[in-house]
file target_25.csv (CSV, C-alpha atoms)
chain,number,residue,atom,x,y,z
A,1,GLY,CA,13.9,-6.8,-11.9
A,2,PHE,CA,10.5,-5.1,-12.6
A,3,LEU,CA,11.8,-1.6,-12.5
A,4,ALA,CA,14.0,0.2,-15.1
A,5,ARG,CA,16.2,1.3,-12.2
A,6,PRO,CA,16.4,-1.3,-9.5
A,7,TRP,CA,16.0,-0.1,-5.9
A,8,LEU,CA,19.0,-0.3,-3.8
A,9,PRO,CA,18.8,-2.2,-0.5
A,10,GLY,CA,17.3,0.1,2.1
A,11,THR,CA,15.1,2.1,-0.2
A,12,PHE,CA,11.9,1.0,1.5
A,13,ALA,CA,13.4,1.7,4.9
A,14,MET,CA,14.3,5.2,3.8
A,15,MET,CA,10.8,5.8,2.6
A,16,GLY,CA,9.6,4.7,6.1
A,17,HIS,CA,12.0,7.1,7.7
A,18,ALA,CA,10.7,9.9,5.4
A,19,CYS,CA,7.1,9.2,6.4
A,20,ILE,CA,7.5,8.5,10.2
A,21,SER,CA,7.4,12.2,11.1
A,22,CYS,CA,4.2,13.0,9.2
A,23,PRO,CA,1.3,14.1,11.4
A,24,ASN,CA,-1.3,11.9,9.7
A,25,LEU,CA,-2.0,9.2,7.1
A,26,ARG,CA,-2.8,11.7,4.3
A,27,ARG,CA,0.6,13.4,4.7
A,28,ALA,CA,2.4,10.0,4.9
A,29,LEU,CA,0.8,8.7,1.8
A,30,LEU,CA,1.6,11.9,-0.1
A,31,ARG,CA,5.2,11.8,1.1
A,32,SER,CA,5.6,8.1,0.2
A,33,ALA,CA,4.3,9.0,-3.3
A,34,ARG,CA,6.8,11.8,-3.6
A,35,PHE,CA,9.6,9.6,-2.4
A,36,ILE,CA,8.8,6.9,-4.9
A,37,SER,CA,8.8,9.4,-7.7
A,38,MET,CA,12.3,10.4,-6.7
A,39,VAL,CA,13.7,6.8,-6.8
A,40,SER,CA,11.7,5.3,-9.7
A,41,ASP,CA,10.8,6.4,-13.2
A,42,ASP,CA,8.3,3.7,-13.9
A,43,LEU,CA,6.4,3.2,-10.6
A,44,HIS,CA,4.0,5.9,-9.6
A,45,ILE,CA,1.7,6.1,-6.5
A,46,LYS,CA,-1.0,8.8,-6.3
A,47,LEU,CA,-3.5,9.6,-3.6
A,48,VAL,CA,-6.9,11.0,-5.0
A,49,GLU,CA,-9.7,12.1,-2.7
A,50,ASP,CA,-13.3,12.2,-3.9
A,51,ALA,CA,-15.8,13.2,-1.2
A,52,GLU,CA,-15.8,10.2,1.2
A,53,GLN,CA,-13.6,8.0,-0.8
A,54,ALA,CA,-9.8,7.9,-1.1
A,55,ARG,CA,-8.1,6.1,-3.9
A,56,LEU,CA,-4.5,5.0,-3.7
A,57,ILE,CA,-3.5,4.5,-7.3
A,58,ILE,CA,-0.6,2.3,-8.2
A,59,HIS,CA,0.8,2.5,-11.7
A,60,HIS,CA,3.7,0.6,-13.1
A,61,SER,CA,4.5,1.6,-16.6
A,62,ASN,CA,6.2,-1.8,-17.2
A,63,ASP,CA,8.7,-0.7,-19.8
A,64,LYS,CA,10.3,-4.1,-19.8
A,65,GLN,CA,7.0,-5.7,-20.8
A,66,LEU,CA,7.2,-8.3,-18.0
A,67,PRO,CA,4.2,-10.0,-16.5
A,68,ASN,CA,4.0,-7.5,-13.7
A,69,GLN,CA,0.8,-8.6,-11.9
A,70,ILE,CA,2.6,-10.1,-8.8
A,71,PHE,CA,4.8,-7.0,-8.6
A,72,VAL,CA,1.8,-4.6,-8.6
A,73,GLU,CA,-0.1,-6.8,-6.1
A,74,SER,CA,2.9,-6.9,-3.8
A,75,ILE,CA,3.3,-3.1,-3.8
A,76,ALA,CA,-0.4,-2.7,-3.0
A,77,VAL,CA,-0.2,-5.3,-0.1
A,78,ILE,CA,3.0,-3.7,1.3
A,79,TRP,CA,1.6,-0.2,1.2
A,80,LEU,CA,-1.7,-1.3,2.8
A,81,ARG,CA,0.0,-3.2,5.6
A,82,PHE,CA,2.8,-0.7,6.3
A,83,PHE,CA,0.4,2.3,6.5
A,84,SER,CA,-2.1,0.3,8.6
A,85,TRP,CA,0.8,-0.3,11.0
A,86,LEU,CA,1.8,3.4,11.0
A,87,ILE,CA,-1.7,4.4,12.2
A,88,ASP,CA,-2.2,1.2,14.3
A,89,ARG,CA,-5.5,0.6,12.6
A,90,THR,CA,-6.3,-1.8,9.9
A,91,ILE,CA,-7.3,0.2,6.8
A,92,LEU,CA,-10.5,-1.5,5.7
A,93,LEU,CA,-10.8,-1.3,2.0
A,94,GLU,CA,-14.1,-0.8,0.3
A,95,ARG,CA,-12.8,-2.3,-3.0
A,96,VAL,CA,-9.8,-3.0,-5.0
A,97,LEU,CA,-9.6,-2.2,-8.7
A,98,LEU,CA,-7.0,-4.2,-10.7
A,99,ALA,CA,-5.7,-3.4,-14.1
A,100,PHE,CA,-5.3,-7.1,-15.1
A,101,PRO,CA,-7.4,-10.2,-15.5
A,102,PRO,CA,-8.1,-12.5,-12.5
A,103,PRO,CA,-5.2,-14.8,-11.8
A,104,ASP,CA,-5.2,-18.6,-11.2
A,105,TYR,CA,-4.9,-17.8,-7.5
A,106,ASN,CA,-8.0,-15.6,-7.4
A,107,GLU,CA,-9.2,-17.3,-4.2
A,108,ASP,CA,-6.2,-15.8,-2.4
A,109,TYR,CA,-7.4,-12.3,-3.0
A,110,SER,CA,-9.8,-12.5,0.0
A,111,ASP,CA,-6.7,-12.9,2.2
A,112,MET,CA,-4.7,-10.2,0.5
A,113,PHE,CA,-7.5,-7.7,0.2
A,114,PRO,CA,-10.6,-8.5,2.3
A,115,CYS,CA,-13.1,-6.5,0.2
A,116,ARG,CA,-14.6,-6.6,-3.3
A,117,HIS,CA,-12.2,-7.1,-6.2
A,118,TYR,CA,-12.7,-5.8,-9.7
A,119,PHE,CA,-10.4,-7.1,-12.5
A,120,ASN,CA,-9.6,-5.7,-16.0
A,121,GLN,CA,-10.0,-2.1,-14.8
A,122,ALA,CA,-8.3,1.0,-16.3
A,123,GLU,CA,-6.1,1.4,-13.2
A,124,THR,CA,-5.0,-0.5,-10.1
A,125,CYS,CA,-6.1,1.2,-6.9
A,126,LEU,CA,-7.1,0.6,-3.3
A,127,VAL,CA,-10.3,2.4,-2.4
A,128,PHE,CA,-11.0,3.3,1.3
A,129,ASN,CA,-12.9,5.9,3.3
A,130,THR,CA,-11.3,9.3,3.7
A,131,ARG,CA,-11.7,9.2,7.5
A,132,TYR,CA,-8.5,7.2,7.6
A,133,LEU,CA,-6.5,10.0,6.1
A,134,GLN,CA,-6.9,12.3,9.1
A,135,MET,CA,-5.7,9.5,11.5
A,136,PRO,CA,-2.4,10.4,13.2
A,137,LEU,CA,0.6,8.3,12.8
A,138,VAL,CA,1.3,6.7,16.2
A,139,ARG,CA,4.6,5.0,15.7
A,140,ASP,CA,8.0,6.5,16.5
A,141,GLU,CA,11.6,6.0,15.1
A,142,GLN,CA,12.4,3.2,17.5
A,143,GLN,CA,9.2,1.3,16.6
A,144,LEU,CA,10.0,1.8,12.9
A,145,ALA,CA,13.5,0.4,13.4
A,146,ASP,CA,12.0,-2.6,15.1
A,147,PHE,CA,9.5,-3.0,12.3
A,148,LEU,CA,12.1,-2.8,9.6
A,149,SER,CA,14.3,-5.3,11.4
A,150,ARG,CA,11.5,-7.8,11.0
A,151,ALA,CA,10.9,-7.0,7.3
A,152,PRO,CA,9.8,-8.5,5.0
A,153,GLU,CA,8.0,-10.9,7.4
A,154,CYS,CA,6.0,-8.1,9.0
A,155,LEU,CA,4.9,-6.9,5.6
A,156,LEU,CA,3.8,-10.3,4.4
A,157,THR,CA,1.3,-10.9,7.3
A,158,GLN,CA,-2.0,-9.3,7.6
A,159,TYR,CA,-1.8,-6.3,10.0
A,160,LYS,CA,-4.5,-6.5,12.7
A,161,SER,CA,-4.8,-3.8,15.4
A,162,ASP,CA,-8.1,-5.0,16.8
A,163,HIS,CA,-8.5,-8.6,17.8
A,164,SER,CA,-12.0,-8.2,19.2
A,165,PHE,CA,-15.0,-9.9,17.8
A,166,THR,CA,-16.3,-6.5,16.5
A,167,GLY,CA,-12.9,-5.8,14.8
call {"tool": "encode", "arguments": {"input": "target_25.csv", "output": "structure tokens"}}
result
Amino acid sequence: GFLARPWLPGTFAMMGHACISCPNLRRALLRSARFISMVSDDLHIKLVEDAEQARLIIHHSNDKQLPNQIFVESIAVIWLRFFSWLIDRTILLERVLLAFPPPDYNEDYSDMFPCRHYFNQAETCLVFNTRYLQMPLVRDEQQLADFLSRAPECLLTQYKSDHSFTG
């Protein structure tokens, strides 16, 4: 209900299929952004690289003027967890910028985004080191099908590839 044109069931799965053949995270994020631009007029995802920092910008124009904070948070969490799964590495965020005030459930942000959080910003974006962008996607079509068969549960739990003490 947050988008002007609701996504049909299977839209996220098709985005996953569009990305699975990409050679690395950079290409997958760029392809996901292009896919979203084809199915949505009011949700935009953009990857910006500045030296050693990458910013995944998530913009929802919110033409319906709905309280969209939970929608934007959900998209950010889903993208972070899905693309971490694709490279089989937890993408460690340096910080998250959020274009809205702190919510009543502010203490839950440490679970959603284990990094520094900045509210009331000009844009919502996930900031991480560009070294992740060159990492290869290590999943195949069958693994994607298995992943999607467990969605949304697999997208609502924190992805961890390294269970060691160091990780």
call {"tool": "residues_around", "arguments": {"input": "target_25.csv", "residues": "range 28-30 of chain A", "least_positions_apart": "4", "cutoff": "12 Å", "atoms": "all atoms listed in the file", "output": "PyMOL selection string"}}
result
chain A and resi 15-24+34-37+44-49+54-58+79-80+82-84+86-87+132-138
call {"tool": "closest_residue", "arguments": {"input": "target_25.csv", "among": "A:Gln53, A:Ser61, A:Ser40, A:Ser32", "to": "Arg131 in chain A", "atoms": "all atoms listed in the file"}}
result
A:Gln53
call {"tool": "closest_residue", "arguments": {"input": "target_25.csv", "among": "A:Leu66, A:Leu98, A:Val39, A:Leu92", "to": "Phe12 in chain A", "atoms": "only C-alpha atoms"}}
result
A:Val39
call {"tool": "residues_around", "arguments": {"input": "target_25.csv", "residues": "Phe119 in chain A", "least_positions_apart": "2", "cutoff": "9 Å", "atoms": "only C-alpha atoms", "output": "NGL selection string"}}
result
:A and (96-102 or 117 or 121 or 124)
call {"tool": "write_last_selection", "arguments": {"input": "target_25.csv", "atoms": "C-alpha atoms", "output": "tab-separated table (two decimals), in the coordinates of the input"}}
result
chain	number	residue	atom	x	y	z
A	96	VAL	CA	-9.80	-3.00	-5.00
A	97	LEU	CA	-9.60	-2.20	-8.70
A	98	LEU	CA	-7.00	-4.20	-10.70
A	99	ALA	CA	-5.70	-3.40	-14.10
A	100	PHE	CA	-5.30	-7.10	-15.10
A	101	PRO	CA	-7.40	-10.20	-15.50
A	102	PRO	CA	-8.10	-12.50	-12.50
A	117	HIS	CA	-12.20	-7.10	-6.20
A	121	GLN	CA	-10.00	-2.10	-14.80
A	124	THR	CA	-5.00	-0.50	-10.10
call {"tool": "closest_residue", "arguments": {"input": "target_25.csv", "among": "A:Val72, A:Leu126, A:Met112, A:Val77", "to": "Leu93 in chain A", "atoms": "all atoms listed in the file"}}
result
A:Leu126
call {"tool": "closest_atom_pairs", "arguments": {"input": "target_25.csv", "of": "range 58-161 of chain A", "to": "range 1-8 of chain A", "cutoff": "12 Å", "atoms": "all atoms listed in the file", "output": "Markdown table"}}
result
| residue | atom | partner | partner_atom | distance |
| --- | --- | --- | --- | --- |
| A:His59 | CA | A:Leu3 | CA | 11.8 |
| A:His60 | CA | A:Leu3 | CA | 8.4 |
| A:Ser61 | CA | A:Leu3 | CA | 9.0 |
| A:Asn62 | CA | A:Phe2 | CA | 7.1 |
| A:Asp63 | CA | A:Ala4 | CA | 7.1 |
| A:Lys64 | CA | A:Phe2 | CA | 7.3 |
| A:Gln65 | CA | A:Phe2 | CA | 8.9 |
| A:Leu66 | CA | A:Phe2 | CA | 7.1 |
| A:Pro67 | CA | A:Phe2 | CA | 8.9 |
| A:Asn68 | CA | A:Phe2 | CA | 7.0 |
| A:Gln69 | CA | A:Phe2 | CA | 10.3 |
| A:Ile70 | CA | A:Phe2 | CA | 10.1 |
| A:Phe71 | CA | A:Phe2 | CA | 7.2 |
| A:Val72 | CA | A:Phe2 | CA | 9.6 |
| A:Ser74 | CA | A:Phe2 | CA | 11.8 |
| A:Ile75 | CA | A:Phe2 | CA | 11.5 |
call {"tool": "atom_distance", "arguments": {"input": "target_25.csv", "atom1": "CA of Arg27 in chain A", "atom2": "CA of Gly10 in chain A"}}
result
21.5 Å
call {"tool": "atom_distance", "arguments": {"input": "target_25.csv", "atom1": "CA of Cys125 in chain A", "atom2": "CA of Glu73 in chain A"}}
result
10.0 Å
call {"tool": "atom_distance", "arguments": {"input": "target_25.csv", "atom1": "CA of Val127 in chain A", "atom2": "CA of Ala33 in chain A"}}
result
16.0 Å
call {"tool": "closest_residue", "arguments": {"input": "target_25.csv", "among": "A:Asn129, A:Ala13, A:Ala76, A:Ala51", "to": "Leu144 in chain A", "atoms": "all atoms listed in the file"}}
result
A:Ala13
call {"tool": "closest_residue", "arguments": {"input": "target_25.csv", "among": "A:Ile78, A:Ser149, A:Arg116, A:Thr130", "to": "Arg26 in chain A", "atoms": "all atoms listed in the file"}}
result
A:Thr130
